[in-house]
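Asks: Handing over target-v1.cif, mmCIF, N, CA and C atoms.
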```cif
data_final
loop_
_atom_site.group_PDB
_atom_site.id
_atom_site.type_symbol
_atom_site.label_atom_id
_atom_site.label_comp_id
_atom_site.auth_asym_id
_atom_site.auth_seq_id
_atom_site.Cartn_x
_atom_site.Cartn_y
_atom_site.Cartn_z
ATOM 1 N N MET A 206 8.704 16.503 -14.372
ATOM 2 C CA MET A 206 8.053 15.294 -13.908
ATOM 3 C C MET A 206 6.623 15.578 -13.461
ATOM 4 N N THR A 207 6.359 16.775 -12.999
ATOM 5 C CA THR A 207 5.039 17.133 -12.472
ATOM 6 C C THR A 207 3.938 16.885 -13.493
ATOM 7 N N GLN A 208 4.147 17.335 -14.726
ATOM 8 C CA GLN A 208 3.104 17.167 -15.741
ATOM 9 C C GLN A 208 2.881 15.704 -16.083
ATOM 10 N N TYR A 209 3.919 14.873 -16.031
ATOM 11 C CA TYR A 209 3.761 13.452 -16.328
ATOM 12 C C TYR A 209 2.981 12.746 -15.222
ATOM 13 N N LEU A 210 3.189 13.172 -13.975
ATOM 14 C CA LEU A 210 2.424 12.598 -12.867
ATOM 15 C C LEU A 210 0.942 12.938 -13.018
ATOM 16 N N GLY A 211 0.651 14.190 -13.340
ATOM 17 C CA GLY A 211 -0.735 14.612 -13.532
ATOM 18 C C GLY A 211 -1.630 14.251 -12.365
ATOM 19 N N LEU A 212 -1.169 14.487 -11.157
ATOM 20 C CA LEU A 212 -1.922 14.072 -9.976
ATOM 21 C C LEU A 212 -3.254 14.827 -9.874
ATOM 22 N N PRO A 213 -4.386 14.105 -9.888
ATOM 23 C CA PRO A 213 -5.679 14.768 -9.760
ATOM 24 C C PRO A 213 -6.033 15.071 -8.295
ATOM 25 N N TYR A 214 -5.269 14.488 -7.359
ATOM 26 C CA TYR A 214 -5.492 14.663 -5.926
ATOM 27 C C TYR A 214 -4.245 14.166 -5.189
ATOM 28 N N ASP A 215 -4.160 14.478 -3.891
ATOM 29 C CA ASP A 215 -3.083 13.940 -3.064
ATOM 30 C C ASP A 215 -3.283 12.431 -2.964
ATOM 31 N N THR A 216 -2.184 11.682 -3.005
ATOM 32 C CA THR A 216 -2.289 10.228 -2.938
ATOM 33 C C THR A 216 -0.993 9.648 -2.382
ATOM 34 N N THR A 217 -0.798 8.362 -2.538
ATOM 35 C CA THR A 217 0.407 7.701 -2.049
ATOM 36 C C THR A 217 0.981 6.770 -3.112
ATOM 37 N N ILE A 218 2.313 6.664 -3.106
ATOM 38 C CA ILE A 218 3.023 5.730 -3.984
ATOM 39 C C ILE A 218 3.248 4.451 -3.188
ATOM 40 N N HIS A 219 2.898 3.303 -3.782
ATOM 41 C CA HIS A 219 3.035 2.037 -3.062
ATOM 42 C C HIS A 219 4.101 1.116 -3.643
ATOM 43 N N TYR A 220 4.479 1.348 -4.874
ATOM 44 C CA TYR A 220 5.546 0.547 -5.483
ATOM 45 C C TYR A 220 6.281 1.425 -6.485
ATOM 46 N N ILE A 221 7.609 1.301 -6.503
ATOM 47 C CA ILE A 221 8.431 2.014 -7.480
ATOM 48 C C ILE A 221 9.414 1.025 -8.082
ATOM 49 N N ALA A 222 9.373 0.901 -9.394
ATOM 50 C CA ALA A 222 10.340 0.091 -10.137
ATOM 51 C C ALA A 222 11.212 1.053 -10.947
ATOM 52 N N VAL A 223 12.489 0.734 -11.055
ATOM 53 C CA VAL A 223 13.447 1.623 -11.718
ATOM 54 C C VAL A 223 14.216 0.839 -12.768
ATOM 55 N N HIS A 224 14.399 1.460 -13.935
ATOM 56 C CA HIS A 224 15.241 0.880 -14.984
ATOM 57 C C HIS A 224 16.319 1.892 -15.333
ATOM 58 N N LEU A 225 17.566 1.451 -15.284
ATOM 59 C CA LEU A 225 18.715 2.314 -15.567
ATOM 60 C C LEU A 225 19.702 1.586 -16.465
ATOM 61 N N HIS A 226 20.480 2.343 -17.201
ATOM 62 C CA HIS A 226 21.548 1.776 -18.019
ATOM 63 C C HIS A 226 22.835 1.671 -17.203
ATOM 64 N N PRO A 227 23.804 0.883 -17.695
ATOM 65 C CA PRO A 227 25.082 0.754 -16.991
ATOM 66 C C PRO A 227 25.705 2.121 -16.707
ATOM 67 N N PHE A 228 26.495 2.166 -15.655
ATOM 68 C CA PHE A 228 27.191 3.356 -15.146
ATOM 69 C C PHE A 228 26.283 4.258 -14.318
ATOM 70 N N ALA A 229 25.011 3.904 -14.172
ATOM 71 C CA ALA A 229 24.116 4.687 -13.318
ATOM 72 C C ALA A 229 24.507 4.477 -11.864
ATOM 73 N N GLU A 230 24.423 5.543 -11.100
ATOM 74 C CA GLU A 230 24.645 5.466 -9.652
ATOM 75 C C GLU A 230 23.339 5.594 -8.886
ATOM 76 N N SER A 231 22.414 6.424 -9.403
ATOM 77 C CA SER A 231 21.145 6.608 -8.704
ATOM 78 C C SER A 231 20.115 7.284 -9.602
ATOM 79 N N LEU A 232 18.857 7.137 -9.192
ATOM 80 C CA LEU A 232 17.752 7.874 -9.781
ATOM 81 C C LEU A 232 16.877 8.316 -8.622
ATOM 82 N N GLU A 233 16.613 9.618 -8.562
ATOM 83 C CA GLU A 233 15.933 10.208 -7.413
ATOM 84 C C GLU A 233 14.688 10.971 -7.856
ATOM 85 N N LEU A 234 13.572 10.730 -7.153
ATOM 86 C CA LEU A 234 12.369 11.525 -7.317
ATOM 87 C C LEU A 234 12.394 12.586 -6.229
ATOM 88 N N ARG A 235 12.425 13.857 -6.653
ATOM 89 C CA ARG A 235 12.522 14.970 -5.705
ATOM 90 C C ARG A 235 11.238 15.794 -5.716
ATOM 91 N N ASP A 236 10.837 16.218 -4.519
ATOM 92 C CA ASP A 236 9.720 17.151 -4.344
ATOM 93 C C ASP A 236 10.336 18.539 -4.288
ATOM 94 N N LEU A 237 10.162 19.312 -5.345
ATOM 95 C CA LEU A 237 10.756 20.649 -5.419
ATOM 96 C C LEU A 237 10.067 21.630 -4.469
ATOM 97 N N THR A 238 8.811 21.363 -4.150
ATOM 98 C CA THR A 238 8.065 22.248 -3.260
ATOM 99 C C THR A 238 8.636 22.198 -1.842
ATOM 100 N N THR A 239 8.936 20.994 -1.360
ATOM 101 C CA THR A 239 9.473 20.832 -0.005
ATOM 102 C C THR A 239 10.998 20.712 0.002
ATOM 103 N N ARG A 240 11.573 20.663 -1.204
ATOM 104 C CA ARG A 240 13.025 20.472 -1.349
ATOM 105 C C ARG A 240 13.500 19.212 -0.622
ATOM 106 N N SER A 241 12.771 18.133 -0.858
ATOM 107 C CA SER A 241 13.094 16.870 -0.194
ATOM 108 C C SER A 241 13.073 15.712 -1.195
ATOM 109 N N THR A 242 13.703 14.630 -0.805
ATOM 110 C CA THR A 242 13.713 13.404 -1.605
ATOM 111 C C THR A 242 12.481 12.584 -1.278
ATOM 112 N N VAL A 243 11.730 12.207 -2.301
ATOM 113 C CA VAL A 243 10.590 11.309 -2.134
ATOM 114 C C VAL A 243 11.114 9.876 -2.097
ATOM 115 N N PHE A 244 11.960 9.525 -3.068
ATOM 116 C CA PHE A 244 12.589 8.196 -3.125
ATOM 117 C C PHE A 244 13.860 8.299 -3.949
ATOM 118 N N LYS A 245 14.901 7.615 -3.494
ATOM 119 C CA LYS A 245 16.152 7.568 -4.240
ATOM 120 C C LYS A 245 16.569 6.118 -4.396
ATOM 121 N N SER A 246 16.654 5.682 -5.644
ATOM 122 C CA SER A 246 17.099 4.330 -5.969
ATOM 123 C C SER A 246 18.601 4.358 -6.229
ATOM 124 N N ARG A 247 19.326 3.534 -5.494
ATOM 125 C CA ARG A 247 20.777 3.428 -5.690
ATOM 126 C C ARG A 247 21.085 2.109 -6.385
ATOM 127 N N THR A 248 22.224 2.061 -7.029
ATOM 128 C CA THR A 248 22.602 0.867 -7.793
ATOM 129 C C THR A 248 23.879 0.249 -7.236
ATOM 130 N N ARG A 249 24.133 -0.943 -7.705
ATOM 131 C CA ARG A 249 25.412 -1.611 -7.454
ATOM 132 C C ARG A 249 25.905 -2.112 -8.801
ATOM 133 N N GLY A 250 27.149 -1.801 -9.118
ATOM 134 C CA GLY A 250 27.737 -2.227 -10.382
ATOM 135 C C GLY A 250 28.207 -3.669 -10.334
ATOM 136 N N LEU A 251 28.758 -4.124 -11.449
ATOM 137 C CA LEU A 251 29.255 -5.499 -11.561
ATOM 138 C C LEU A 251 30.745 -5.610 -11.255
ATOM 139 N N GLY A 252 31.335 -4.568 -10.707
ATOM 140 C CA GLY A 252 32.758 -4.617 -10.379
ATOM 141 C C GLY A 252 33.617 -4.378 -11.590
ATOM 142 N N ASP A 253 34.225 -5.430 -12.115
ATOM 143 C CA ASP A 253 35.142 -5.292 -13.248
ATOM 144 C C ASP A 253 34.447 -5.411 -14.608
ATOM 145 N N LYS A 254 33.117 -5.556 -14.618
ATOM 146 C CA LYS A 254 32.355 -5.662 -15.864
ATOM 147 C C LYS A 254 31.418 -4.470 -15.997
ATOM 148 N N ILE A 255 30.963 -4.215 -17.217
ATOM 149 C CA ILE A 255 29.978 -3.167 -17.455
ATOM 150 C C ILE A 255 28.592 -3.729 -17.172
ATOM 151 N N GLY A 256 27.829 -3.035 -16.352
ATOM 152 C CA GLY A 256 26.468 -3.450 -16.044
ATOM 153 C C GLY A 256 26.122 -3.167 -14.591
ATOM 154 N N LEU A 257 24.900 -3.473 -14.238
ATOM 155 C CA LEU A 257 24.413 -3.266 -12.886
ATOM 156 C C LEU A 257 23.982 -4.602 -12.298
ATOM 157 N N SER A 258 24.383 -4.872 -11.077
ATOM 158 C CA SER A 258 23.973 -6.105 -10.414
ATOM 159 C C SER A 258 22.748 -5.884 -9.539
ATOM 160 N N ARG A 259 22.486 -4.619 -9.186
ATOM 161 C CA ARG A 259 21.346 -4.333 -8.310
ATOM 162 C C ARG A 259 20.852 -2.910 -8.536
ATOM 163 N N VAL A 260 19.534 -2.756 -8.596
ATOM 164 C CA VAL A 260 18.876 -1.454 -8.650
ATOM 165 C C VAL A 260 17.786 -1.485 -7.586
ATOM 166 N N GLU A 261 17.826 -0.557 -6.636
ATOM 167 C CA GLU A 261 16.842 -0.552 -5.549
ATOM 168 C C GLU A 261 15.453 -0.214 -6.072
ATOM 169 N N HIS A 262 14.456 -0.839 -5.452
ATOM 170 C CA HIS A 262 13.060 -0.544 -5.739
ATOM 171 C C HIS A 262 12.373 -0.212 -4.415
ATOM 172 N N PHE A 263 11.085 0.098 -4.467
ATOM 173 C CA PHE A 263 10.332 0.444 -3.269
ATOM 174 C C PHE A 263 9.012 -0.303 -3.270
ATOM 175 N N ALA A 264 8.633 -0.826 -2.106
ATOM 176 C CA ALA A 264 7.329 -1.472 -1.942
ATOM 177 C C ALA A 264 6.847 -1.227 -0.516
ATOM 178 N N SER A 265 5.592 -0.770 -0.380
ATOM 179 C CA SER A 265 5.058 -0.472 0.944
ATOM 180 C C SER A 265 3.538 -0.417 0.906
ATOM 181 N N ALA A 266 2.884 -1.081 1.868
ATOM 182 C CA ALA A 266 1.435 -0.977 1.988
ATOM 183 C C ALA A 266 1.051 0.424 2.464
ATOM 184 N N GLU A 267 1.875 1.026 3.320
ATOM 185 C CA GLU A 267 1.605 2.377 3.837
ATOM 186 C C GLU A 267 1.781 3.434 2.752
ATOM 187 N N GLY A 268 2.816 3.307 1.959
ATOM 188 C CA GLY A 268 3.066 4.219 0.849
ATOM 189 C C GLY A 268 3.792 5.494 1.235
ATOM 190 N N ILE A 269 4.173 6.241 0.201
ATOM 191 C CA ILE A 269 4.836 7.538 0.351
ATOM 192 C C ILE A 269 3.863 8.595 -0.160
ATOM 193 N N PRO A 270 3.556 9.619 0.635
ATOM 194 C CA PRO A 270 2.614 10.640 0.152
ATOM 195 C C PRO A 270 3.195 11.518 -0.955
ATOM 196 N N VAL A 271 2.368 11.826 -1.934
ATOM 197 C CA VAL A 271 2.666 12.810 -2.983
ATOM 198 C C VAL A 271 1.444 13.723 -3.093
ATOM 199 N N PHE A 272 1.693 14.970 -3.516
ATOM 200 C CA PHE A 272 0.667 15.992 -3.399
ATOM 201 C C PHE A 272 0.388 16.678 -4.731
ATOM 202 N N GLN A 273 -0.882 16.879 -5.007
ATOM 203 C CA GLN A 273 -1.321 17.464 -6.272
ATOM 204 C C GLN A 273 -0.673 18.822 -6.536
ATOM 205 N N GLY A 274 -0.557 19.676 -5.550
ATOM 206 C CA GLY A 274 -0.044 21.025 -5.754
ATOM 207 C C GLY A 274 1.467 21.157 -5.726
ATOM 208 N N HIS A 275 2.192 20.050 -5.610
ATOM 209 C CA HIS A 275 3.648 20.100 -5.528
ATOM 210 C C HIS A 275 4.288 19.929 -6.904
ATOM 211 N N GLU A 276 5.506 20.402 -7.026
ATOM 212 C CA GLU A 276 6.316 20.230 -8.240
ATOM 213 C C GLU A 276 7.331 19.119 -7.980
ATOM 214 N N TYR A 277 7.549 18.247 -8.987
ATOM 215 C CA TYR A 277 8.451 17.098 -8.849
ATOM 216 C C TYR A 277 9.451 17.066 -9.994
ATOM 217 N N GLU A 278 10.619 16.468 -9.723
ATOM 218 C CA GLU A 278 11.617 16.257 -10.773
ATOM 219 C C GLU A 278 12.321 14.930 -10.534
ATOM 220 N N LEU A 279 12.898 14.388 -11.619
ATOM 221 C CA LEU A 279 13.762 13.205 -11.545
ATOM 222 C C LEU A 279 15.200 13.654 -11.738
ATOM 223 N N VAL A 280 16.102 13.086 -10.944
ATOM 224 C CA VAL A 280 17.522 13.401 -11.051
ATOM 225 C C VAL A 280 18.278 12.082 -11.197
ATOM 226 N N SER A 281 18.935 11.905 -12.341
ATOM 227 C CA SER A 281 19.748 10.701 -12.538
ATOM 228 C C SER A 281 21.222 11.074 -12.434
ATOM 229 N N VAL A 282 21.993 10.174 -11.844
ATOM 230 C CA VAL A 282 23.434 10.373 -11.690
ATOM 231 C C VAL A 282 24.143 9.191 -12.334
ATOM 232 N N TYR A 283 25.052 9.500 -13.231
ATOM 233 C CA TYR A 283 25.848 8.491 -13.924
ATOM 234 C C TYR A 283 27.326 8.791 -13.721
ATOM 235 N N ASP A 284 28.149 7.736 -13.723
ATOM 236 C CA ASP A 284 29.597 7.888 -13.654
ATOM 237 C C ASP A 284 30.217 6.961 -14.695
ATOM 238 N N ASN A 285 30.480 7.513 -15.863
ATOM 239 C CA ASN A 285 31.086 6.747 -16.952
ATOM 240 C C ASN A 285 32.584 6.621 -16.674
ATOM 241 N N THR A 286 33.015 5.432 -16.341
ATOM 242 C CA THR A 286 34.416 5.195 -15.973
ATOM 243 C C THR A 286 35.254 4.671 -17.132
ATOM 244 N N THR A 287 34.691 4.619 -18.353
ATOM 245 C CA THR A 287 35.393 3.990 -19.475
ATOM 246 C C THR A 287 36.271 4.940 -20.273
ATOM 247 N N GLY A 288 35.995 6.232 -20.190
ATOM 248 C CA GLY A 288 36.724 7.171 -21.039
ATOM 249 C C GLY A 288 36.157 7.252 -22.447
ATOM 250 N N GLU A 289 35.099 6.486 -22.736
ATOM 251 C CA GLU A 289 34.416 6.515 -24.029
ATOM 252 C C GLU A 289 32.969 6.948 -23.808
ATOM 253 N N ASP A 290 32.377 7.585 -24.828
ATOM 254 C CA ASP A 290 30.969 7.959 -24.720
ATOM 255 C C ASP A 290 30.117 6.713 -24.511
ATOM 256 N N GLN A 291 29.123 6.822 -23.637
ATOM 257 C CA GLN A 291 28.185 5.739 -23.347
ATOM 258 C C GLN A 291 26.775 6.312 -23.376
ATOM 259 N N ASP A 292 25.801 5.475 -23.717
ATOM 260 C CA ASP A 292 24.425 5.957 -23.648
ATOM 261 C C ASP A 292 23.931 5.851 -22.207
ATOM 262 N N SER A 293 22.897 6.606 -21.924
ATOM 263 C CA SER A 293 22.294 6.542 -20.597
ATOM 264 C C SER A 293 20.792 6.727 -20.732
ATOM 265 N N MET A 294 20.074 6.163 -19.776
ATOM 266 C CA MET A 294 18.633 6.249 -19.771
ATOM 267 C C MET A 294 18.173 5.947 -18.364
ATOM 268 N N ALA A 295 17.092 6.593 -17.950
ATOM 269 C CA ALA A 295 16.567 6.372 -16.608
ATOM 270 C C ALA A 295 15.044 6.433 -16.651
ATOM 271 N N VAL A 296 14.393 5.417 -16.064
ATOM 272 C CA VAL A 296 12.943 5.357 -16.010
ATOM 273 C C VAL A 296 12.535 4.970 -14.594
ATOM 274 N N MET A 297 11.518 5.661 -14.078
ATOM 275 C CA MET A 297 10.960 5.322 -12.774
ATOM 276 C C MET A 297 9.465 5.078 -12.966
ATOM 277 N N PHE A 298 9.032 3.854 -12.654
ATOM 278 C CA PHE A 298 7.625 3.480 -12.760
ATOM 279 C C PHE A 298 6.994 3.615 -11.375
ATOM 280 N N LEU A 299 5.961 4.454 -11.255
ATOM 281 C CA LEU A 299 5.305 4.704 -9.979
ATOM 282 C C LEU A 299 3.930 4.053 -9.972
ATOM 283 N N TYR A 300 3.632 3.312 -8.920
ATOM 284 C CA TYR A 300 2.335 2.680 -8.738
ATOM 285 C C TYR A 300 1.633 3.399 -7.594
ATOM 286 N N LEU A 301 0.602 4.170 -7.935
ATOM 287 C CA LEU A 301 -0.060 5.062 -6.995
ATOM 288 C C LEU A 301 -1.441 4.547 -6.605
ATOM 289 N N ALA A 302 -1.875 4.915 -5.382
ATOM 290 C CA ALA A 302 -3.245 4.601 -4.968
ATOM 291 C C ALA A 302 -4.208 5.448 -5.781
ATOM 292 N N GLU A 303 -5.202 4.790 -6.347
ATOM 293 C CA GLU A 303 -6.217 5.476 -7.145
ATOM 294 C C GLU A 303 -7.474 5.593 -6.284
ATOM 295 N N LYS A 304 -7.695 6.787 -5.728
ATOM 296 C CA LYS A 304 -8.778 6.991 -4.759
ATOM 297 C C LYS A 304 -10.167 6.783 -5.349
ATOM 298 N N ASP A 305 -10.341 7.031 -6.623
ATOM 299 C CA ASP A 305 -11.665 6.893 -7.229
ATOM 300 C C ASP A 305 -11.799 5.602 -8.043
ATOM 301 N N PHE A 306 -10.954 4.605 -7.733
ATOM 302 C CA PHE A 306 -11.004 3.330 -8.443
ATOM 303 C C PHE A 306 -12.308 2.610 -8.145
ATOM 304 N N LYS A 307 -12.928 2.100 -9.177
ATOM 305 C CA LYS A 307 -14.137 1.279 -9.037
ATOM 306 C C LYS A 307 -13.847 -0.070 -9.695
ATOM 307 N N LYS A 308 -13.999 -1.104 -8.914
ATOM 308 C CA LYS A 308 -13.757 -2.457 -9.429
ATOM 309 C C LYS A 308 -14.760 -2.755 -10.538
ATOM 310 N N PRO A 309 -14.256 -3.176 -11.707
ATOM 311 C CA PRO A 309 -15.189 -3.483 -12.800
ATOM 312 C C PRO A 309 -16.047 -4.691 -12.446
ATOM 313 N N GLY A 310 -17.266 -4.672 -12.963
ATOM 314 C CA GLY A 310 -18.178 -5.796 -12.719
ATOM 315 C C GLY A 310 -17.733 -7.037 -13.459
ATOM 316 N N ALA A 311 -18.270 -8.144 -13.092
ATOM 317 C CA ALA A 311 -17.951 -9.407 -13.758
ATOM 318 C C ALA A 311 -18.440 -9.357 -15.198
ATOM 319 N N ILE A 312 -17.670 -9.950 -16.087
ATOM 320 C CA ILE A 312 -18.060 -10.021 -17.492
ATOM 321 C C ILE A 312 -19.085 -11.135 -17.645
ATOM 322 N N ALA A 313 -20.212 -10.796 -18.226
ATOM 323 C CA ALA A 313 -21.293 -11.780 -18.404
ATOM 324 C C ALA A 313 -20.868 -12.827 -19.425
ATOM 325 N N ALA A 314 -21.223 -14.073 -19.138
ATOM 326 C CA ALA A 314 -20.927 -15.168 -20.071
ATOM 327 C C ALA A 314 -21.824 -15.013 -21.306
ATOM 328 N N GLN A 315 -21.261 -15.338 -22.464
ATOM 329 C CA GLN A 315 -22.039 -15.182 -23.706
ATOM 330 C C GLN A 315 -22.462 -16.516 -24.245
#
```
For this file, produce the structure as structure tokens.

Replies:
Amino acid sequence: MTQYLGLPYDTTIHYIAVHLHPFAESLELRDLTTRSTVFKSRTRGLGDKIGLSRVEHFASAEGIPVFQGHEYELVSVYDNTTGEDQDSMAVMFLYLAEKDFKKPGAIAAQ
């Protein structure tokens, strides 16, 4: 996960959206350097049906710190209760503060 983050500097995560397939229990972003959880999204199933009724997300003005020199990984946990092979997939979308962001100027009318 570290190379995909490509952090050019220490910053903060302000929003995390998660997409998981049925039978997922959680998706966790771990800081391997500190051996700690940055964020763990848990799910709720549909009970007697296949699917997810809830996947936790994260939103905060304060944010969660992440560090350029740290190593990160994603850990997904699935529990296939059907006895048949099932596909699985896990995606975590991170919205980070961009310290060198410059607001683009207004587009001139033509």

Asks: Expanded to explicit residues, what is the PyMOL selection byres ((chain A and resi 222) around 6.5) for this file, as a list of chain:residue names?

Replies: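 When the PyMOL selection byres ((chain A and resi 222) around 6.5) is applied, the selected residues are A:Tyr220, A:Ile221, A:Val223, A:His224, A:His262, A:Phe263, A:Val296, A:Met297, A:Phe298, A:Leu299, A:Tyr300.
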
Asks: Considering all atoms listed in the file, return as a VMD selection string whatever protein or nucleic-acid residues lie within 8 Å of segment 233-249 of chain A, sequence-local ones (same chain, fewer than 4 positions apart) excluded.

Replies: chain A and resid 223 229 256 to 263 269 to 270 274 to 282

Asks: So which residues of segment 218-296 of chain A fall under strand (DSSP E or B) by DSSP, listed as a PyMOL selection string?

Replies: chain A and resi 218-225+229-236+241-250+257-260+263-271+277-283+295-296

Asks: Could you jot down the atom CA of Gln273 of chain A to atom N of Phe306 of chain A separation for me, Å, one decimal place?

Replies: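 Distance between the two atoms: 16.1 Å.
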
Asks: For a test of reading the model, state the distance in Å between atom CA of Ile218 of chain A and atom N of Lys308 of chain A, rounded to one decimal.

Replies: 19.0 Å

Asks: Would you mind telling me which residue in A:Met294, A:Leu251, A:Val271, A:Ala266 lies nearest to Thr216 of chain A when using all atoms listed in the file?

Replies: A:Val271

Asks: Please measure the separation of atom CA of Ala302 of chain A and atom CA of His219 of chain A, giving the value in Å to one decimal.

Replies: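 Atom CA of Ala302 of chain A sits 7.0 Å away from atom CA of His219 of chain A.
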
Asks: Apply DSSP to the structure's backbone, then extract all residues of chain A labelled alpha helix (DSSP H) and return them as a count of residues only.

Replies: 4

Asks: Near Ile255 of chain A, counting only N, CA and C atoms, which residues have an atom at most 7 Å away, once you skip same-chain residues fewer than 3 positions from it, shown as a VMD selection string?

Replies: chain A and resid 227 to 228 250 to 252

Asks: Once the PyMOL selection byres ((chain A and resi 293) around 7) has been evaluated on this model, what residues remain selected, and can you format them as a ChimeraX atom specification?

Replies: /A:225-227,291-292,294-295

Asks: Write out as lines of an AutoDock Vina configuration file an axis-aligned box for segment 250-265 of chain A: all of its atoms listed in the file, 4 Å added on each side, centre and edge lengths in Å with one decimal.

Replies:
```
center_x = 19.3
center_y = -2.8
center_z = -8.3
size_x = 39.6
size_y = 14.5
size_z = 26.4
```

Asks: Show me, as a list in words, the residues that have an atom within 12 Å of Asp305 of chain A when counting only C-alpha atoms, minus same-chain residues fewer than 4 positions from it.

Replies: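 Listed by chain and then number, they are Pro213, Tyr214, Asp215, Thr216 and Leu301 of chain A.
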
Asks: Keeping N, CA and C atoms, export the residues of the selection given above as a PDB file, in the frame of the given file.

Replies:
```pdb
ATOM      1  N   PRO A 213      -4.386  14.105  -9.888  1.00  0.00           N
ATOM      2  CA  PRO A 213      -5.679  14.768  -9.760  1.00  0.00           C
ATOM      3  C   PRO A 213      -6.033  15.071  -8.295  1.00  0.00           C
ATOM      4  N   TYR A 214      -5.269  14.488  -7.359  1.00  0.00           N
ATOM      5  CA  TYR A 214      -5.492  14.663  -5.926  1.00  0.00           C
ATOM      6  C   TYR A 214      -4.245  14.166  -5.189  1.00  0.00           C
ATOM      7  N   ASP A 215      -4.160  14.478  -3.891  1.00  0.00           N
ATOM      8  CA  ASP A 215      -3.083  13.940  -3.064  1.00  0.00           C
ATOM      9  C   ASP A 215      -3.283  12.431  -2.964  1.00  0.00           C
ATOM     10  N   THR A 216      -2.184  11.682  -3.005  1.00  0.00           N
ATOM     11  CA  THR A 216      -2.289  10.228  -2.938  1.00  0.00           C
ATOM     12  C   THR A 216      -0.993   9.648  -2.382  1.00  0.00           C
ATOM     13  N   LEU A 301       0.602   4.170  -7.935  1.00  0.00           N
ATOM     14  CA  LEU A 301      -0.060   5.062  -6.995  1.00  0.00           C
ATOM     15  C   LEU A 301      -1.441   4.547  -6.605  1.00  0.00           C
TER      16      LEU A 301
END
```
